[in-house]
Structures are given as structure tokens and as C-alpha cells.
Amino acid sequence: MAQQSGRNLIPVMFSWEEWREGGLRDGREALQKQGIAGYDDLRAAYICERYETMTSHPAPVLGGLITNRDKDREARERISQEQGIALESVNACIGGARQEQNS
């Protein structure tokens, strides 16, 4: 449950410090046991997966090629809106075009 009207997902019964030292740290440790560096890596993987779903091509960072500039741009903008992060952050996760093919 989000705290009050903000976008904060810390459970209302915890302060930031309690959450950071408890659930947040526990989650990070569980990820690291699975070979995942942290939450940012999970977000980047999700963004790449979402991009592929929307464009039918792997993200450029995963070796995919941009075959349709409009579809690429629309996917990046939509992901940015869905995630509530800057387009530049989405671009950093997805990568740029290694080469472009005409379709």
C-alpha cells in the first residue's frame, strides 16, 4: 500500500530507516544470492523485456536491431511513462541502435 498520496511503496507501518534496514535489505540480499546485483538490474531486465514485447525485437543492448523507428520511439516513451522515469533512463537500459535495417 502506498503511503498517503505519494508514490512511495514503503509499508505504512515502517519508517524509511526501518524499511531500508529490513525489507529492502532482505530483498537485495535475496537478489544477490541469485546473482543479481540489485533492484536496478531487475528494472533494466524488465524494461528490456517490455521493449521486446512492444516491438517484437530484443532491445539493442541485447543485440536487437531497430527495424521501425516509430515503433521504437513509441515503446521507449510508453515505458518511460509506465515506469515513471526519464526517457534517458529507459534509453540507458535499452541501449542504442547497433545498426538499423529497413523494413
# chains A, B, ... in the order shown; residues from 1 in each chain; ligands from 1
call {"tool": "residues_around", "arguments": {"residues": "stretch 45-47 of chain A", "least_positions_apart": "2", "cutoff": "10 Å", "atoms": "only C-alpha atoms", "output": "list in words"}}
result
Tyr39, Asp40, Asp41, Leu42, Arg43, Glu49, Arg50, Tyr51, Glu52, Thr53, Ala59, Ala75, Arg76, Ile79, Ser80, Glu82, Gln83, Val90, Asn91, Cys93 and Ile94 of chain A
call {"tool": "write_last_selection", "arguments": {"atoms": "C-alpha atoms", "output": "CSV table (one decimal), in the first residue's frame"}}
result
chain,number,residue,atom,x,y,z
A,39,TYR,CA,17.0,-3.7,-7.9
A,40,ASP,CA,18.3,-1.6,-10.7
A,41,ASP,CA,19.3,-4.7,-12.6
A,42,LEU,CA,15.8,-6.1,-12.2
A,43,ARG,CA,14.3,-2.9,-13.5
A,49,GLU,CA,11.6,-7.5,-21.7
A,50,ARG,CA,8.8,-4.8,-22.0
A,51,TYR,CA,10.6,-3.3,-25.0
A,52,GLU,CA,10.7,-6.7,-26.8
A,53,THR,CA,7.1,-7.3,-26.1
A,59,ALA,CA,16.5,-4.4,-27.1
A,75,ALA,CA,7.9,1.8,-27.0
A,76,ARG,CA,10.6,3.9,-25.2
A,79,ILE,CA,8.0,2.5,-20.9
A,80,SER,CA,9.2,5.8,-19.6
A,82,GLU,CA,4.8,3.3,-17.2
A,83,GLN,CA,7.9,3.3,-15.1
A,90,VAL,CA,14.9,4.0,-20.3
A,91,ASN,CA,17.4,4.6,-23.2
A,93,CYS,CA,18.6,0.3,-20.2
A,94,ILE,CA,17.6,-0.4,-23.7
call {"tool": "residues_around", "arguments": {"residues": "A:Thr55", "least_positions_apart": "5", "cutoff": "9 Å", "atoms": "only C-alpha atoms", "output": "mmCIF file with C-alpha atoms, in the first residue's frame"}}
result
data_model
loop_
_atom_site.group_PDB
_atom_site.id
_atom_site.type_symbol
_atom_site.label_atom_id
_atom_site.label_comp_id
_atom_site.auth_asym_id
_atom_site.auth_seq_id
_atom_site.Cartn_x
_atom_site.Cartn_y
_atom_site.Cartn_z
ATOM 1 C CA ARG A 50 8.826 -4.841 -22.040
ATOM 2 C CA ILE A 66 15.776 -1.233 -34.576
ATOM 3 C CA THR A 67 13.713 -2.078 -37.626
ATOM 4 C CA ASN A 68 10.972 0.508 -37.134
ATOM 5 C CA LYS A 71 7.641 1.665 -33.013
ATOM 6 C CA ASP A 72 10.981 2.016 -31.196
ATOM 7 C CA ALA A 75 7.910 1.832 -26.963
#
call {"tool": "residues_around", "arguments": {"residues": "stretch 23-36 of chain A", "least_positions_apart": "6", "cutoff": "10 Å", "atoms": "only C-alpha atoms", "output": "list of chain:residue names"}}
result
A:Ile10, A:Pro11, A:Phe14, A:Trp16, A:Glu17, A:Leu42
call {"tool": "write_last_selection", "arguments": {"atoms": "N, CA and C atoms", "output": "tab-separated table (two decimals), in the first residue's frame"}}
result
chain	number	residue	atom	x	y	z
A	10	ILE	N	6.67	2.14	0.50
A	10	ILE	CA	7.09	1.65	1.81
A	10	ILE	C	5.83	1.36	2.63
A	11	PRO	N	5.73	0.19	3.21
A	11	PRO	CA	4.55	-0.11	4.03
A	11	PRO	C	4.35	0.97	5.10
A	14	PHE	N	6.14	1.22	8.57
A	14	PHE	CA	7.60	1.37	8.68
A	14	PHE	C	8.04	2.78	8.34
A	16	TRP	N	11.27	5.07	6.82
A	16	TRP	CA	12.25	4.79	5.77
A	16	TRP	C	13.42	4.00	6.33
A	17	GLU	N	13.93	4.40	7.47
A	17	GLU	CA	15.08	3.72	8.07
A	17	GLU	C	14.75	2.26	8.40
A	42	LEU	N	17.12	-5.53	-11.93
A	42	LEU	CA	15.78	-6.06	-12.16
A	42	LEU	C	14.96	-5.11	-13.03
